[in-house]
$ cat query_30.txt   # compact mmCIF, C-alpha atoms
# COMPACT_ATOMS: atom_id res chain seq x y z
CA MET A 1 -22.29 -54.34 -181.41
CA THR A 2 -22.65 -52.58 -184.71
CA THR A 3 -23.31 -48.92 -185.28
CA SER A 4 -26.67 -47.59 -186.42
CA LEU A 5 -25.40 -47.47 -190.02
CA LEU A 6 -27.01 -50.06 -192.26
CA ASP A 7 -25.83 -51.40 -195.61
CA HIS A 8 -29.11 -51.00 -197.51
CA ALA A 9 -27.94 -53.09 -200.45
CA ALA A 10 -27.11 -55.97 -198.12
CA ALA A 11 -30.45 -55.67 -196.34
CA SER A 12 -32.26 -55.68 -199.68
CA ARG A 13 -30.56 -58.96 -200.60
CA LEU A 14 -32.23 -60.59 -197.60
CA ILE A 15 -35.69 -59.61 -198.83
CA PRO A 16 -35.74 -59.93 -202.62
CA GLY A 17 -38.62 -58.39 -204.53
CA THR A 18 -39.37 -55.63 -202.06
CA GLY A 19 -37.99 -52.78 -204.14
CA THR A 20 -36.43 -49.89 -202.27
CA LEU A 21 -36.31 -50.54 -198.55
CA SER A 22 -36.63 -47.79 -195.96
CA ALA A 23 -34.80 -48.44 -192.70
CA ARG A 24 -35.28 -46.95 -189.26
CA PRO A 25 -32.82 -47.73 -186.44
CA LEU A 26 -34.42 -48.87 -183.20
CA PRO A 27 -33.16 -48.48 -179.62
CA GLN A 28 -30.11 -50.68 -179.15
CA GLY A 29 -30.38 -53.44 -176.59
CA ARG A 30 -27.73 -55.46 -174.81
CA PHE A 31 -27.49 -58.12 -177.50
CA ASN A 32 -28.64 -56.79 -180.87
CA THR A 33 -28.61 -53.74 -183.10
CA CYS A 34 -32.03 -53.49 -184.75
CA TRP A 35 -33.74 -51.79 -187.65
CA ARG A 36 -37.30 -51.67 -188.85
CA LEU A 37 -37.37 -52.28 -192.60
CA ASP A 38 -40.32 -51.32 -194.84
CA GLY A 39 -40.85 -52.21 -198.46
CA SER A 40 -43.66 -53.20 -200.84
CA GLY A 41 -46.28 -52.77 -198.13
CA ARG A 42 -44.61 -55.11 -195.63
CA SER A 43 -42.53 -54.48 -192.53
CA TYR A 44 -39.67 -56.46 -191.02
CA LEU A 45 -37.34 -56.39 -188.02
CA LEU A 46 -33.65 -56.95 -188.74
CA LYS A 47 -31.36 -57.83 -185.83
CA VAL A 48 -27.58 -57.83 -186.24
CA ASN A 49 -25.34 -59.22 -183.52
CA HIS A 50 -21.53 -59.15 -183.67
CA ARG A 51 -21.04 -59.70 -179.95
CA GLU A 52 -22.63 -63.13 -179.41
CA GLY A 53 -22.74 -63.98 -183.10
CA GLU A 54 -24.68 -66.34 -185.30
CA PRO A 55 -24.95 -69.24 -182.79
CA HIS A 56 -26.77 -66.94 -180.35
CA LEU A 57 -29.17 -65.76 -183.06
CA ARG A 58 -29.86 -69.33 -184.15
CA ARG A 59 -30.67 -70.35 -180.57
CA MET A 60 -33.03 -67.39 -180.31
CA ALA A 61 -34.69 -68.24 -183.63
CA GLU A 62 -35.13 -71.84 -182.52
CA ALA A 63 -36.71 -70.74 -179.22
CA MET A 64 -39.13 -68.44 -181.07
CA THR A 65 -40.06 -71.12 -183.58
CA GLU A 66 -40.68 -73.68 -180.84
CA ALA A 67 -42.77 -71.17 -178.89
CA ALA A 68 -44.87 -70.44 -181.97
CA ALA A 69 -45.44 -74.18 -182.45
CA ARG A 70 -46.93 -74.30 -178.94
CA GLY A 71 -49.34 -71.48 -179.80
CA VAL A 72 -47.42 -68.54 -178.33
CA ALA A 73 -47.83 -65.29 -180.27
CA VAL A 74 -44.31 -64.33 -181.37
CA PRO A 75 -42.89 -62.64 -184.47
CA ARG A 76 -42.35 -65.15 -187.28
CA VAL A 77 -38.69 -65.84 -188.01
CA LEU A 78 -37.99 -65.40 -191.74
CA ASP A 79 -34.25 -65.97 -191.94
CA VAL A 80 -31.14 -66.30 -189.79
CA GLY A 81 -27.53 -66.53 -190.86
CA HIS A 82 -24.37 -64.57 -191.68
CA ASP A 83 -24.11 -61.95 -194.42
CA PRO A 84 -20.66 -60.78 -195.62
CA ALA A 85 -21.68 -57.13 -195.28
CA LEU A 86 -24.06 -57.24 -192.32
CA GLY A 87 -22.52 -59.97 -190.21
CA PRO A 88 -24.66 -62.33 -188.08
CA TYR A 89 -28.33 -61.45 -188.58
CA LEU A 90 -31.88 -62.51 -187.80
CA LEU A 91 -34.79 -61.33 -189.93
CA GLN A 92 -38.33 -61.54 -188.57
CA GLU A 93 -41.73 -60.16 -189.39
CA TRP A 94 -42.77 -56.87 -187.81
CA ILE A 95 -45.82 -57.14 -185.55
CA GLU A 96 -47.87 -53.99 -185.06
CA GLY A 97 -48.83 -52.94 -181.56
CA ARG A 98 -47.59 -51.08 -178.51
CA THR A 99 -45.27 -52.43 -175.89
CA PHE A 100 -46.56 -52.67 -172.34
CA ALA A 101 -44.28 -49.74 -171.47
CA GLU A 102 -45.72 -47.59 -174.27
CA ALA A 103 -49.30 -48.47 -173.38
CA ARG A 104 -48.75 -47.69 -169.70
CA GLU A 105 -47.19 -44.33 -170.51
CA ALA A 106 -50.08 -43.51 -172.86
CA GLY A 107 -52.69 -43.83 -170.16
CA GLY A 108 -52.93 -47.20 -168.55
CA ILE A 109 -53.23 -50.92 -169.00
CA ASP A 110 -56.58 -52.58 -169.65
CA ARG A 111 -57.28 -55.33 -167.13
CA ASP A 112 -57.89 -57.81 -169.95
CA VAL A 113 -54.13 -57.71 -170.53
CA TRP A 114 -53.41 -59.77 -167.40
CA PRO A 115 -55.32 -62.97 -168.26
CA ALA A 116 -54.16 -62.68 -171.87
CA LEU A 117 -50.53 -62.47 -170.72
CA GLY A 118 -51.01 -65.34 -168.29
CA ARG A 119 -52.32 -67.57 -171.07
CA GLN A 120 -49.39 -66.74 -173.36
CA ILE A 121 -46.86 -67.64 -170.68
CA ALA A 122 -48.75 -70.86 -169.95
CA LEU A 123 -48.57 -71.85 -173.62
CA LEU A 124 -44.82 -71.26 -173.54
CA HIS A 125 -44.57 -73.53 -170.49
CA THR A 126 -46.99 -76.16 -171.79
CA GLU A 127 -44.58 -79.03 -172.38
CA PRO A 128 -42.11 -80.07 -169.67
CA ILE A 129 -38.66 -80.82 -171.04
CA PRO A 130 -37.99 -84.58 -170.81
CA GLY A 131 -35.18 -85.36 -168.42
CA ALA A 132 -34.73 -81.75 -167.29
CA THR A 133 -35.48 -81.46 -163.57
CA ALA A 134 -34.48 -78.80 -161.06
CA THR A 135 -33.31 -80.31 -157.78
CA PRO A 136 -32.05 -78.94 -154.46
CA ALA A 137 -28.52 -79.81 -155.58
CA SER A 138 -28.84 -78.09 -158.98
CA ARG A 139 -30.28 -74.93 -157.40
CA THR A 140 -27.56 -74.83 -154.75
CA ARG A 141 -24.93 -75.28 -157.45
CA GLN A 142 -26.46 -72.48 -159.53
CA LEU A 143 -26.39 -70.19 -156.50
CA SER A 144 -22.83 -71.13 -155.53
CA ASP A 145 -21.49 -70.64 -159.05
CA LEU A 146 -23.11 -67.20 -159.25
CA LEU A 147 -21.75 -66.11 -155.86
CA ALA A 148 -18.29 -67.37 -156.82
CA ARG A 149 -18.31 -65.18 -159.96
CA LEU A 150 -19.40 -62.18 -157.91
CA GLY A 151 -16.65 -62.88 -155.40
CA GLN A 152 -13.99 -63.06 -158.11
CA HIS A 153 -14.84 -59.52 -159.14
CA ALA A 154 -15.42 -58.24 -155.59
CA LEU A 155 -18.87 -57.03 -156.60
CA ILE A 156 -20.78 -57.92 -153.46
CA PRO A 157 -20.04 -57.25 -149.76
CA ASP A 158 -19.17 -60.38 -147.78
CA ASP A 159 -22.11 -60.01 -145.40
CA LEU A 160 -24.55 -59.89 -148.31
CA ALA A 161 -22.92 -62.87 -149.99
CA ASP A 162 -23.26 -64.89 -146.78
CA ALA A 163 -26.89 -63.85 -146.30
CA ALA A 164 -27.73 -64.62 -149.92
CA ARG A 165 -26.09 -68.04 -149.69
CA LEU A 166 -28.03 -68.88 -146.52
CA ARG A 167 -31.39 -67.66 -147.87
CA GLY A 168 -30.88 -69.31 -151.24
CA THR A 169 -29.73 -72.64 -149.83
CA LEU A 170 -32.74 -72.87 -147.51
CA LEU A 171 -35.12 -72.13 -150.38
CA ALA A 172 -33.32 -74.56 -152.69
CA GLU A 173 -33.78 -77.38 -150.22
CA ARG A 174 -37.46 -76.66 -149.58
CA LEU A 175 -38.40 -76.65 -153.24
CA GLY A 176 -37.66 -80.31 -153.88
CA GLU A 177 -37.65 -81.59 -157.45
CA HIS A 178 -39.51 -79.70 -160.16
CA GLN A 179 -39.62 -80.39 -163.89
CA MET A 180 -38.21 -77.64 -166.08
CA VAL A 181 -39.94 -75.99 -169.04
CA ASN A 182 -38.98 -73.68 -171.89
CA THR A 183 -38.91 -70.15 -170.50
CA HIS A 184 -38.42 -66.62 -171.83
CA GLN A 185 -36.48 -65.21 -168.83
CA ASP A 186 -36.92 -61.56 -169.81
CA ILE A 187 -40.65 -60.76 -169.69
CA HIS A 188 -40.67 -57.07 -168.81
CA PRO A 189 -42.54 -53.99 -170.11
CA ASP A 190 -40.50 -53.64 -173.32
CA ASN A 191 -40.87 -57.31 -174.27
CA ILE A 192 -44.66 -57.55 -173.94
CA LEU A 193 -46.49 -56.39 -177.05
CA ILE A 194 -50.17 -55.41 -176.83
CA ARG A 195 -51.62 -55.88 -180.30
CA PRO A 196 -54.79 -54.33 -181.74
CA GLY A 197 -57.74 -56.06 -180.12
CA GLY A 198 -55.85 -56.70 -176.89
CA GLN A 199 -53.92 -59.78 -178.01
CA ILE A 200 -50.52 -60.29 -176.38
CA ALA A 201 -47.27 -61.24 -178.08
CA LEU A 202 -43.89 -61.94 -176.49
CA LEU A 203 -40.76 -60.31 -177.94
CA ASP A 204 -36.98 -60.77 -177.71
CA PHE A 205 -36.10 -64.35 -176.82
CA ASP A 206 -32.41 -63.54 -176.24
CA HIS A 207 -32.42 -65.12 -172.76
CA ALA A 208 -34.73 -68.07 -173.49
CA THR A 209 -33.65 -71.24 -171.72
CA ALA A 210 -34.84 -74.30 -169.83
CA ALA A 211 -35.73 -73.31 -166.27
CA GLU A 212 -38.38 -73.56 -163.58
CA ASP A 213 -41.69 -71.98 -164.59
CA ALA A 214 -41.83 -69.51 -161.70
CA SER A 215 -38.64 -67.81 -162.91
CA ASP A 216 -40.58 -66.21 -165.77
CA PHE A 217 -42.68 -64.20 -163.30
CA VAL A 218 -39.88 -62.42 -161.43
CA LYS A 219 -39.62 -59.42 -163.78
CA ILE A 220 -43.39 -59.26 -164.27
CA ASP A 221 -43.81 -58.98 -160.50
CA ARG A 222 -41.18 -56.27 -160.27
CA TRP A 223 -41.81 -54.17 -163.37
CA CYS A 224 -45.40 -54.77 -164.50
CA LEU A 225 -47.86 -55.68 -161.77
CA THR A 226 -49.29 -52.89 -159.66
CA SER A 227 -52.05 -54.55 -157.61
CA PRO A 228 -52.90 -57.90 -155.98
CA GLU A 229 -56.00 -58.15 -158.20
CA ASP A 230 -53.96 -57.84 -161.40
CA ARG A 231 -51.61 -60.53 -160.09
CA ARG A 232 -54.53 -62.82 -159.24
CA GLN A 233 -55.98 -62.45 -162.74
CA LEU A 234 -52.60 -63.19 -164.31
CA LEU A 235 -51.94 -66.31 -162.26
CA ASP A 236 -55.51 -67.65 -162.38
CA ALA A 237 -55.44 -67.51 -166.18
CA TYR A 238 -51.97 -69.06 -166.21
CA TRP A 239 -52.93 -72.11 -164.16
CA GLN A 240 -56.24 -72.51 -165.97
CA GLN A 241 -54.47 -72.54 -169.33
CA ARG A 242 -52.02 -75.14 -168.06
CA ALA A 243 -54.99 -77.21 -166.83
CA GLN A 244 -53.38 -77.99 -163.50
CA PRO A 245 -53.72 -76.80 -159.92
CA ALA A 246 -51.54 -73.94 -158.76
CA ASP A 247 -48.08 -74.94 -157.53
CA LEU A 248 -48.24 -74.82 -153.73
CA ARG A 249 -44.55 -73.84 -153.64
CA PHE A 250 -44.89 -71.16 -156.33
CA GLU A 251 -44.15 -68.21 -154.02
CA GLN A 252 -41.07 -69.90 -152.56
CA ARG A 253 -39.94 -70.87 -156.04
CA LEU A 254 -40.43 -67.27 -157.12
CA ALA A 255 -38.39 -66.05 -154.12
CA PHE A 256 -35.46 -68.28 -155.05
CA HIS A 257 -35.37 -67.05 -158.63
CA ARG A 258 -35.88 -63.45 -157.55
CA LEU A 259 -32.72 -63.81 -155.44
CA VAL A 260 -30.81 -65.34 -158.37
CA ILE A 261 -31.86 -62.51 -160.68
CA HIS A 262 -30.88 -59.88 -158.08
CA LEU A 263 -27.41 -61.45 -157.99
CA SER A 264 -27.24 -61.64 -161.78
CA TYR A 265 -27.81 -57.89 -162.04
CA PHE A 266 -24.37 -57.30 -160.50
CA LEU A 267 -22.69 -59.06 -163.42
CA TYR A 268 -24.95 -57.37 -165.96
CA TRP A 269 -24.20 -53.86 -164.73
CA GLN A 270 -20.51 -54.53 -164.20
CA GLY A 271 -20.10 -54.88 -167.95
CA ARG A 272 -22.60 -52.20 -168.94
CA ASP A 273 -22.62 -49.40 -166.34
CA PRO A 274 -20.70 -50.00 -163.08
CA THR A 275 -22.27 -46.89 -161.51
CA GLN A 276 -25.40 -49.03 -161.06
CA ILE A 277 -23.66 -51.45 -158.67
CA PRO A 278 -24.53 -49.45 -155.49
CA GLY A 279 -28.18 -49.65 -156.50
CA CYS A 280 -27.80 -53.41 -156.87
CA VAL A 281 -26.38 -53.60 -153.35
CA LYS A 282 -29.35 -51.69 -151.94
CA ALA A 283 -31.85 -53.80 -153.85
CA LEU A 284 -30.25 -57.01 -152.60
CA ARG A 285 -30.22 -55.76 -149.00
CA ASP A 286 -33.92 -54.91 -149.30
CA GLU A 287 -34.62 -58.38 -150.72
CA LEU A 288 -32.79 -60.11 -147.87
CA GLU A 289 -34.31 -58.07 -145.02
$ encode --input "query_30.txt" --output "structure tokens"
Amino acid sequence: MTTSLLDHAAASRLIPGTGTLSARPLPQGRFNTCWRLDGSGRSYLLKVNHREGEPHLRRMAEAMTEAAARGVAVPRVLDVGHDPALGPYLLQEWIEGRTFAEAREAGGIDRDVWPALGRQIALLHTEPIPGATATPASRTRQLSDLLARLGQHALIPDDLADAARLRGTLLAERLGEHQMVNTHQDIHPDNILIRPGGQIALLDFDHATAAEDASDFVKIDRWCLTSPEDRRQLLDAYWQQRAQPADLRFEQRLAFHRLVIHLSYFLYWQGRDPTQIPGCVKALRDELE
């Protein structure tokens, strides 16, 4: 990670013809250090990443560009590369609006948000990836690899590891084969942008990858939805946009990926804030009860 200090001359080189740029540091995430840049009446978002580097930023830019081509509202990528002064960077347009988290704190979420969000996710999932299919064996392998990593670091009690393996293996077998799609993997309140007029945009494609469609709803279920009616509106709009009947195994598919994400949190917090591990243990016990 970089510090919040920005080389203004280097940033200006990325956007020629904008005159004097003003820069405002933004809250630092796991992957990127970010600034909002303003100049000549236009605004930009600059992300710098020394930890994962240019290859990570290029993958993210590619995921955003592909999503935009499918009709998903995302910030337009303007440039990605390596600057001698800045390091690995991604430059994108700034989209005005409030995040879901900001809108909720300011007084609530309009119900029109749910179908709009469902349609955006459906557009992201529109095209199955040729030759990419989730199978019972691939899910079981994913689960086993994750549990092995947790075991190497002694992050999870043995009884929970055994229970998670049993639950996950049963779900993996029941789900059969399912074609994978392009997914975001991190749709939570800070990565949903509510634009003027109620349009929805998706932000921060750092975790974007090929996966089962239901996996994109785990964090929405946990951090965004507050009522069965909101959930119904979200999913009805999602399946309608995809022009196909609802997946009869959707809830089981969601349960498998919810378990995987619970386990992944152990690794995330181990490197970021180990004091959160006891909370992960409690959350996993609650999930498995």
$ closest_residue --input "query_30.txt" --among "A:Gln241, A:Asn49, A:Ile95, A:Ile261" --to "Pro196 of chain A" --atoms "only C-alpha atoms"
A:Ile95
$ closest_residue --input "query_30.txt" --among "A:Trp94, A:Phe217, A:Tyr89, A:Trp114" --to "Thr183 of chain A" --atoms "only C-alpha atoms"
A:Phe217
$ closest_residue --input "query_30.txt" --among "A:Thr33, A:Gln179, A:Thr65, A:Thr275" --to "Leu124 of chain A" --atoms "all atoms listed in the file"
A:Thr65
$ residues_around --input "query_30.txt" --residues "Ala67 of chain A" --least-positions-apart "6" --cutoff "12 Å" --atoms "only C-alpha atoms" --output "list in words"
Met60, Ala61, Ala73, Val74, Pro75, Arg76, Val77, Gln120, Ile121, Ala122, Leu123, Leu124, His125, Thr126, Glu127, Val181, Asn182, Thr183, His184, Ala201, Leu202, Leu203, Asp204, Phe205, Ala208 and Thr209 of chain A
$ atom_distance --input "query_30.txt" --atom1 "atom CA of Pro278 of chain A" --atom2 "atom CA of Arg139 of chain A"
26.2 Å
$ residues_around --input "query_30.txt" --residues "Thr135 of chain A" --least-positions-apart "6" --cutoff "9 Å" --atoms "only C-alpha atoms" --output "list in words"
Ala172, Glu173, Leu175, Gly176, Glu177, His178 and Gln179 of chain A
$ closest_residue --input "query_30.txt" --among "A:Gln92, A:Gln270, A:Ser227, A:Thr169" --to "Leu155 of chain A" --atoms "only C-alpha atoms"
A:Gln270
$ atom_distance --input "query_30.txt" --atom1 "atom CA of Ala103 of chain A" --atom2 "atom CA of Ile220 of chain A"
15.3 Å
$ closest_residue --input "query_30.txt" --among "A:Gly87, A:Pro128, A:Pro245, A:Pro274" --to "Ala210 of chain A" --atoms "all atoms listed in the file"
A:Pro128
$ atom_distance --input "query_30.txt" --atom1 "atom CA of Ala164 of chain A" --atom2 "atom CA of Tyr268 of chain A"
17.8 Å
$ residues_around --input "query_30.txt" --residues "Glu96 of chain A" --least-positions-apart "3" --cutoff "12 Å" --atoms "all atoms listed in the file" --output "PyMOL selection string"
chain A and resi 36+42-45+74-75+93+99+193-201+203
$ write_last_selection --input "query_30.txt" --atoms "C-alpha atoms" --output "compact mmCIF listing (two decimals), in the coordinates of the input"
# COMPACT_ATOMS: atom_id res chain seq x y z
CA ARG A 36 -37.30 -51.67 -188.85
CA ARG A 42 -44.61 -55.11 -195.63
CA SER A 43 -42.53 -54.48 -192.53
CA TYR A 44 -39.67 -56.46 -191.02
CA LEU A 45 -37.34 -56.39 -188.02
CA VAL A 74 -44.31 -64.33 -181.37
CA PRO A 75 -42.89 -62.64 -184.47
CA GLU A 93 -41.73 -60.16 -189.39
CA THR A 99 -45.27 -52.43 -175.89
CA LEU A 193 -46.49 -56.39 -177.05
CA ILE A 194 -50.17 -55.41 -176.83
CA ARG A 195 -51.62 -55.88 -180.30
CA PRO A 196 -54.79 -54.33 -181.74
CA GLY A 197 -57.74 -56.06 -180.12
CA GLY A 198 -55.85 -56.70 -176.89
CA GLN A 199 -53.92 -59.78 -178.01
CA ILE A 200 -50.52 -60.29 -176.38
CA ALA A 201 -47.27 -61.24 -178.08
CA LEU A 203 -40.76 -60.31 -177.94
$ build_atoms --input "query_30.txt" --residues "segment 109-122 of chain A" --atoms "N, CA, C and O atoms" --output "short mmCIF file (atom, residue, chain, number, x, y, z; two decimals), in the coordinates of the input"
data_model
loop_
_atom_site.label_atom_id
_atom_site.label_comp_id
_atom_site.auth_asym_id
_atom_site.auth_seq_id
_atom_site.Cartn_x
_atom_site.Cartn_y
_atom_site.Cartn_z
N ILE A 109 -53.17 -49.55 -168.49
CA ILE A 109 -53.23 -50.92 -169.00
C ILE A 109 -54.62 -51.48 -168.74
O ILE A 109 -55.10 -51.48 -167.60
N ASP A 110 -55.27 -51.95 -169.79
CA ASP A 110 -56.58 -52.58 -169.65
C ASP A 110 -56.43 -53.87 -168.85
O ASP A 110 -55.47 -54.63 -169.04
N ARG A 111 -57.39 -54.14 -167.99
CA ARG A 111 -57.28 -55.33 -167.13
C ARG A 111 -57.34 -56.64 -167.91
O ARG A 111 -56.92 -57.67 -167.42
N ASP A 112 -57.87 -56.59 -169.13
CA ASP A 112 -57.89 -57.81 -169.95
C ASP A 112 -56.48 -58.25 -170.34
O ASP A 112 -56.29 -59.40 -170.78
N VAL A 113 -55.50 -57.36 -170.19
CA VAL A 113 -54.13 -57.71 -170.53
C VAL A 113 -53.62 -58.84 -169.63
O VAL A 113 -52.90 -59.73 -170.09
N TRP A 114 -54.01 -58.83 -168.35
CA TRP A 114 -53.41 -59.77 -167.40
C TRP A 114 -53.77 -61.22 -167.71
O TRP A 114 -52.87 -62.07 -167.79
N PRO A 115 -55.04 -61.57 -167.89
CA PRO A 115 -55.32 -62.97 -168.26
C PRO A 115 -54.74 -63.34 -169.62
O PRO A 115 -54.30 -64.48 -169.82
N ALA A 116 -54.73 -62.38 -170.56
CA ALA A 116 -54.16 -62.68 -171.87
C ALA A 116 -52.66 -62.99 -171.76
O ALA A 116 -52.15 -63.92 -172.40
N LEU A 117 -51.96 -62.22 -170.94
CA LEU A 117 -50.53 -62.47 -170.72
C LEU A 117 -50.32 -63.79 -170.01
O LEU A 117 -49.42 -64.57 -170.37
N GLY A 118 -51.13 -64.08 -169.00
CA GLY A 118 -51.01 -65.34 -168.29
C GLY A 118 -51.17 -66.54 -169.21
O GLY A 118 -50.42 -67.53 -169.10
N ARG A 119 -52.10 -66.46 -170.15
CA ARG A 119 -52.32 -67.57 -171.07
C ARG A 119 -51.13 -67.74 -172.03
O ARG A 119 -50.75 -68.87 -172.36
N GLN A 120 -50.55 -66.63 -172.47
CA GLN A 120 -49.39 -66.74 -173.36
C GLN A 120 -48.20 -67.40 -172.65
O GLN A 120 -47.52 -68.26 -173.23
N ILE A 121 -47.96 -67.03 -171.42
CA ILE A 121 -46.86 -67.64 -170.68
C ILE A 121 -47.14 -69.12 -170.44
O ILE A 121 -46.23 -69.97 -170.54
N ALA A 122 -48.38 -69.45 -170.15
CA ALA A 122 -48.75 -70.86 -169.95
C ALA A 122 -48.50 -71.68 -171.21
O ALA A 122 -48.03 -72.83 -171.13
#
